[in-house]
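File shown: my_file_17.txt. Contents: compact mmCIF, C-alpha atoms.
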```
# COMPACT_ATOMS: atom_id res chain seq x y z
CA LYS A 1 -12.37 -34.85 -29.25
CA ASN A 2 -9.22 -35.87 -27.43
CA GLU A 3 -9.12 -39.30 -25.85
CA VAL A 4 -6.77 -37.96 -23.15
CA GLU A 5 -7.45 -34.69 -21.33
CA GLN A 6 -5.01 -33.06 -18.96
CA SER A 7 -5.45 -30.22 -16.52
CA PRO A 8 -4.27 -27.65 -15.94
CA GLN A 9 -2.62 -26.68 -19.24
CA ASN A 10 -0.24 -24.31 -17.49
CA LEU A 11 0.82 -24.22 -13.87
CA THR A 12 3.09 -21.86 -11.97
CA ALA A 13 4.11 -22.75 -8.43
CA GLN A 14 6.42 -21.44 -5.74
CA GLU A 15 9.33 -23.62 -4.76
CA GLY A 16 8.27 -26.06 -2.06
CA GLU A 17 4.62 -26.23 -3.06
CA PHE A 18 2.74 -29.50 -3.54
CA ILE A 19 1.68 -29.88 -7.16
CA THR A 20 -1.03 -32.01 -8.74
CA ILE A 21 -1.57 -32.61 -12.43
CA ASN A 22 -4.69 -34.47 -13.52
CA CYS A 23 -5.39 -36.76 -16.45
CA SER A 24 -8.68 -38.20 -17.63
CA TYR A 25 -9.15 -40.62 -20.47
CA SER A 26 -12.14 -41.98 -22.32
CA VAL A 27 -10.91 -45.28 -23.74
CA GLY A 28 -10.12 -48.69 -22.31
CA ILE A 29 -6.41 -48.86 -21.65
CA SER A 30 -3.73 -51.40 -20.96
CA ALA A 31 -1.51 -48.85 -19.19
CA LEU A 32 -1.13 -45.15 -18.45
CA HIS A 33 2.17 -43.33 -18.71
CA TRP A 34 3.43 -40.10 -17.22
CA LEU A 35 6.20 -38.47 -19.24
CA GLN A 36 8.40 -35.44 -18.61
CA GLN A 37 9.53 -33.31 -21.53
CA HIS A 38 12.20 -30.63 -21.17
CA PRO A 39 12.84 -27.71 -23.54
CA GLY A 40 14.48 -29.12 -26.67
CA GLY A 41 12.14 -32.09 -26.73
CA GLY A 42 13.80 -34.93 -24.87
CA ILE A 43 11.25 -37.09 -23.07
CA VAL A 44 11.76 -39.09 -19.91
CA SER A 45 9.32 -41.80 -18.92
CA LEU A 46 8.39 -41.21 -15.27
CA PHE A 47 5.80 -43.87 -14.57
CA MET A 48 3.85 -46.63 -16.23
CA LEU A 49 0.71 -47.59 -14.31
CA SER A 50 -2.04 -50.10 -14.77
CA SER A 51 -3.46 -49.87 -11.25
CA GLY A 52 -2.92 -48.30 -7.85
CA LYS A 53 -0.07 -46.01 -7.04
CA LYS A 54 3.65 -45.64 -7.70
CA LYS A 55 6.23 -43.45 -6.00
CA HIS A 56 9.67 -42.38 -7.13
CA GLY A 57 11.46 -39.82 -5.01
CA ARG A 58 9.26 -36.74 -4.79
CA LEU A 59 6.94 -37.95 -7.53
CA ILE A 60 3.77 -39.94 -6.92
CA ALA A 61 1.39 -41.24 -9.58
CA THR A 62 -2.03 -42.71 -8.93
CA ILE A 63 -4.65 -44.21 -11.18
CA ASN A 64 -8.33 -45.02 -10.71
CA ILE A 65 -9.30 -47.43 -13.44
CA GLN A 66 -13.03 -47.27 -12.69
CA GLU A 67 -13.08 -43.47 -12.92
CA LYS A 68 -10.56 -43.39 -15.82
CA HIS A 69 -8.49 -40.83 -14.01
CA SER A 70 -4.87 -40.45 -12.99
CA SER A 71 -2.95 -37.85 -11.03
CA LEU A 72 0.71 -36.95 -10.88
CA HIS A 73 1.84 -35.32 -7.64
CA ILE A 74 5.10 -33.54 -6.99
CA THR A 75 5.98 -32.91 -3.36
CA ALA A 76 8.37 -30.13 -2.26
CA SER A 77 8.57 -28.77 -5.81
CA HIS A 78 11.86 -27.38 -7.09
CA PRO A 79 12.75 -25.16 -10.05
CA ARG A 80 14.39 -28.15 -11.76
CA ASP A 81 10.93 -29.75 -11.90
CA SER A 82 9.97 -27.12 -14.48
CA ALA A 83 9.02 -29.03 -17.62
CA VAL A 84 6.05 -30.21 -19.62
CA TYR A 85 4.35 -33.25 -18.11
CA ILE A 86 2.48 -35.45 -20.55
CA CYS A 87 -0.07 -38.13 -19.79
CA ALA A 88 -0.32 -40.93 -22.32
CA VAL A 89 -2.38 -44.10 -22.51
CA SER A 90 -1.57 -47.30 -24.32
CA LEU A 91 -4.28 -49.55 -25.63
CA ALA A 92 -4.39 -53.18 -26.55
CA GLY A 93 -3.16 -53.37 -30.14
CA ASN A 94 -0.37 -50.89 -29.41
CA GLN A 95 -2.34 -47.72 -30.10
CA PHE A 96 -1.26 -44.76 -28.03
CA TYR A 97 -2.96 -41.50 -27.19
CA PHE A 98 -1.25 -38.53 -25.62
CA GLY A 99 -2.52 -35.52 -23.74
CA THR A 100 -1.35 -32.10 -24.85
CA GLY A 101 0.74 -31.70 -21.72
CA THR A 102 0.87 -29.51 -18.65
CA SER A 103 3.55 -26.85 -18.66
CA LEU A 104 4.91 -26.48 -15.12
CA THR A 105 7.07 -23.57 -13.98
CA VAL A 106 8.42 -23.63 -10.43
CA ILE A 107 9.65 -20.25 -9.23
CA PRO A 108 12.48 -20.03 -6.67
CA GLU B 1 23.01 -49.96 -20.78
CA THR B 2 22.76 -47.39 -23.59
CA GLY B 3 19.77 -45.16 -24.09
CA VAL B 4 17.88 -44.36 -27.27
CA THR B 5 19.81 -42.33 -29.85
CA GLN B 6 18.15 -40.46 -32.69
CA SER B 7 19.82 -38.92 -35.71
CA PRO B 8 20.02 -36.34 -37.01
CA THR B 9 19.04 -33.93 -34.24
CA HIS B 10 17.91 -31.23 -36.64
CA LEU B 11 17.05 -31.32 -40.32
CA ILE B 12 15.74 -28.90 -42.92
CA LYS B 13 14.09 -30.25 -46.06
CA THR B 14 12.20 -28.79 -48.99
CA ARG B 15 8.57 -29.58 -49.70
CA GLY B 16 8.30 -32.67 -51.92
CA GLN B 17 11.58 -34.18 -50.77
CA GLN B 18 12.00 -37.43 -48.90
CA VAL B 19 13.56 -37.85 -45.44
CA THR B 20 14.91 -40.73 -43.38
CA LEU B 21 15.19 -40.47 -39.62
CA ARG B 22 17.06 -43.02 -37.54
CA CYS B 23 16.69 -44.45 -34.07
CA SER B 24 18.80 -46.89 -32.12
CA SER B 25 16.90 -48.74 -29.44
CA GLN B 26 18.03 -49.27 -25.88
CA SER B 27 19.99 -52.44 -25.33
CA GLY B 28 17.60 -55.34 -24.72
CA HIS B 29 14.57 -53.59 -26.19
CA ASN B 30 12.90 -55.23 -29.21
CA THR B 31 10.09 -52.74 -29.84
CA VAL B 32 10.37 -49.28 -31.35
CA SER B 33 7.61 -46.69 -31.58
CA TRP B 34 7.62 -43.44 -33.55
CA TYR B 35 5.74 -40.25 -32.66
CA GLN B 36 5.19 -36.88 -34.30
CA GLN B 37 4.93 -33.85 -32.05
CA ALA B 38 3.82 -30.60 -33.64
CA LEU B 39 4.62 -27.37 -31.84
CA GLY B 40 2.47 -26.93 -28.75
CA GLN B 41 0.85 -30.35 -29.13
CA GLY B 42 1.21 -33.72 -27.49
CA PRO B 43 2.95 -36.49 -29.42
CA GLN B 44 0.89 -38.41 -31.96
CA PHE B 45 1.52 -42.11 -32.48
CA ILE B 46 2.79 -42.94 -35.98
CA PHE B 47 3.56 -46.65 -35.77
CA GLN B 48 5.31 -49.35 -33.79
CA TYR B 49 7.67 -52.14 -34.84
CA TYR B 50 8.15 -55.36 -32.94
CA ARG B 51 10.81 -57.81 -34.06
CA GLU B 52 11.08 -56.19 -37.51
CA GLU B 53 7.35 -56.12 -38.24
CA GLU B 54 4.87 -53.27 -37.97
CA ASN B 55 2.35 -54.16 -35.28
CA GLY B 56 0.39 -50.96 -34.77
CA ARG B 57 -0.23 -47.78 -36.71
CA GLY B 58 -1.81 -44.42 -35.96
CA ASN B 59 -3.70 -42.14 -38.31
CA PHE B 60 -0.85 -41.27 -40.69
CA PRO B 61 -0.84 -41.60 -44.49
CA PRO B 62 1.16 -44.31 -46.31
CA ARG B 63 3.91 -41.83 -47.20
CA PHE B 64 5.02 -42.37 -43.60
CA SER B 65 6.77 -45.73 -43.57
CA GLY B 66 9.27 -47.48 -41.40
CA LEU B 67 11.72 -50.29 -40.99
CA GLN B 68 13.17 -52.18 -38.07
CA PHE B 69 16.48 -53.99 -38.44
CA PRO B 70 17.70 -57.23 -36.84
CA ASN B 71 19.55 -55.21 -34.19
CA TYR B 72 16.16 -53.54 -33.41
CA SER B 73 17.26 -50.11 -34.61
CA SER B 74 14.69 -48.38 -36.77
CA GLU B 75 14.12 -45.87 -39.55
CA LEU B 76 11.21 -43.56 -40.22
CA ASN B 77 10.81 -42.54 -43.86
CA VAL B 78 8.57 -39.75 -45.04
CA ASN B 79 8.00 -39.24 -48.76
CA ALA B 80 6.65 -36.19 -50.55
CA LEU B 81 7.21 -33.91 -47.58
CA GLU B 82 4.58 -31.32 -46.80
CA LEU B 83 4.92 -28.14 -44.76
CA ASP B 84 2.73 -29.67 -42.04
CA ASP B 85 5.26 -32.45 -41.57
CA SER B 86 7.44 -29.95 -39.73
CA ALA B 87 7.57 -31.32 -36.20
CA LEU B 88 9.65 -33.06 -33.58
CA TYR B 89 9.86 -36.77 -34.33
CA LEU B 90 10.35 -38.93 -31.28
CA CYS B 91 11.37 -42.53 -31.07
CA ALA B 92 10.86 -44.76 -28.05
CA SER B 93 12.04 -48.28 -27.42
CA SER B 94 10.54 -50.83 -25.09
CA SER B 95 10.44 -54.51 -24.41
CA PRO B 96 7.04 -56.10 -23.74
CA ASP B 97 8.99 -59.10 -22.50
CA ARG B 98 10.49 -56.94 -19.73
CA GLY B 99 7.45 -55.10 -18.43
CA GLY B 100 6.97 -52.64 -21.28
CA GLY B 101 8.57 -49.49 -19.85
CA TYR B 102 9.54 -46.94 -22.50
CA THR B 103 12.81 -45.10 -23.11
CA PHE B 104 12.55 -42.07 -25.35
CA GLY B 105 15.15 -40.52 -27.58
CA SER B 106 15.76 -36.76 -27.67
CA GLY B 107 14.02 -36.43 -31.00
CA THR B 108 14.74 -35.12 -34.49
CA ARG B 109 13.42 -31.67 -35.26
CA LEU B 110 12.36 -31.60 -38.91
CA THR B 111 11.60 -28.34 -40.67
CA VAL B 112 10.01 -28.45 -44.10
CA VAL B 113 10.32 -25.24 -46.12
```
So that I can check it, write out the structure of this file as structure tokens.
Amino acid sequence: KNEVEQSPQNLTAQEGEFITINCSYSVGISALHWLQQHPGGGIVSLFMLSSGKKKHGRLIATINIQEKHSSLHITASHPRDSAVYICAVSLAGNQFYFGTGTSLTVIP
Amino acid sequence: ETGVTQSPTHLIKTRGQQVTLRCSSQSGHNTVSWYQQALGQGPQFIFQYYREEENGRGNFPPRFSGLQFPNYSSELNVNALELDDSALYLCASSSPDRGGGYTFGSGTRLTVV
């Protein structure tokens, strides 16, 4: 059983499409993180959320603490958005759990 | 403001050997976390160091150990390497005193043969 579940596992979109990646978790958390991983492994931290909504450029992240659910949205998707997007949760006591990632391919 | 640097970028070791991986934290960050990412999987938390002391550990055996130095850089040591230790090892630094955002390194890809 995985404490963090992401969907979909793989996603292919046409350039310009609106994209949503979902994350559900089953444990009490202190924060939820959305990460972007490019081929080769380097990871970029996109958002850290404990409530509400955050926006950065074309990326929007929301979290519903009561429902233990978060979404990452990408507006006006672009081929350079192609990457693996990972949802991770941090718990009190510094334990972390990661989802297995959503592989996004945006086609020109 | 420098990012997180990991070394080496790639490494091949033989089963039974020992390995040391290194991570320099971002300037101003006093916390370093290590993660193991097997192919096709999400990262798994190994442990975290805060001000030179381990303050959290995932489900990894004692042959995975670490150190954090006064400049907040860190080492991950793995003894008695096994084939299943082949993975990407990621390091991330953060500062709970500054809101806790994480900066990841590019990782060290370890292959055990």
(request) Measure the distance from CA of Gln14 in chain A to CA of Pro108 in chain A in Å and round it to one decimal. (result) 6.3 Å
(request) May I ask which of the residues B:Gln48, B:Thr103, B:Ser65, B:Gln37 is the closest one to Ala80 in chain B, counting all atoms listed in the file? (result)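 Nearest to Ala80 in chain B: B:Ser65.
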(request) Would you kindly report the residues of chain A within 10 Å of chain B, using all atoms listed in the file, as a ChimeraX atom specification? (result) /A:31,33,35,37-38,40-49,84-88,92-102
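Rounded to one decimal, CA of His29 in chain B and CA of Tyr72 in chain B lie 7.4 Å from each other.
Interatomic distance, CA of Gln17 in chain B against CA of Thr5 in chain B: 23.9 Å.
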(request) Rank A:Ile29, A:Ile63, A:Val106, A:Ala83 by their smallest atom-to-atom distance to Glu17 in chain A, using all atoms listed in the file, and report the top residue only. (result)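 So, comparing all the options, the nearest one is A:Val106.
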(request) Enumerate, as number ranges by chain, the protein, DNA and RNA residues whose atoms approach (-9.3, -44.8, -15.0) to within 12 Å, taking into account all atoms listed in the file and the coordinate frame of the file. (result) A: 4, 22-32, 49-52, 62-71, 89
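If you measure from each of B:Tyr50, B:Ser93, B:Asp85, B:Asn30 to Asn71 in chain B using only C-alpha atoms, the closest one turns out to be B:Asn30.
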(message) List the spatial neighbours of Val78 in chain B as number ranges by chain - criterion: any atom at most 8 Å away, all atoms listed in the file, same-chain residues fewer than 4 positions off excluded.
(response) B: 18-20, 63-65
Could you save those same residues with C-alpha atoms as a compact mmCIF listing (two decimals), in the coordinates of the input?
```txt
# COMPACT_ATOMS: atom_id res chain seq x y z
CA GLN B 18 12.00 -37.43 -48.90
CA VAL B 19 13.56 -37.85 -45.44
CA THR B 20 14.91 -40.73 -43.38
CA ARG B 63 3.91 -41.83 -47.20
CA PHE B 64 5.02 -42.37 -43.60
CA SER B 65 6.77 -45.73 -43.57
```
Extending 3 Å beyond the listed atoms of range 47-56 of chain B on each side, what axis-aligned box results? I want centre and edge lengths in Å to one decimal, as lines of an AutoDock Vina configuration file.
```
center_x = 5.7
center_y = -52.2
center_z = -35.6
size_x = 16.7
size_y = 17.2
size_z = 11.3
```
(message) Could you list, as a VMD selection string, every residue within 7 Å of Thr105 in chain A, counting only C-alpha atoms and ignoring same-chain residues fewer than 6 positions away?
(response) chain A and resid 11 to 13 82 to 83
(request) Determine the nearest neighbour of Pro39 in chain A from the options B:Leu67, B:Cys23, B:Leu11, B:Leu39, counting all atoms listed in the file. (result)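 Smallest separation from Pro39 in chain A among the options: B:Leu39.
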(message) So, with only C-alpha atoms as the atoms that count, which of B:Ser25, B:Thr9, B:Thr31, B:Thr111 lies closest to Leu81 in chain B?
(response)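 Closest candidate: B:Thr111.
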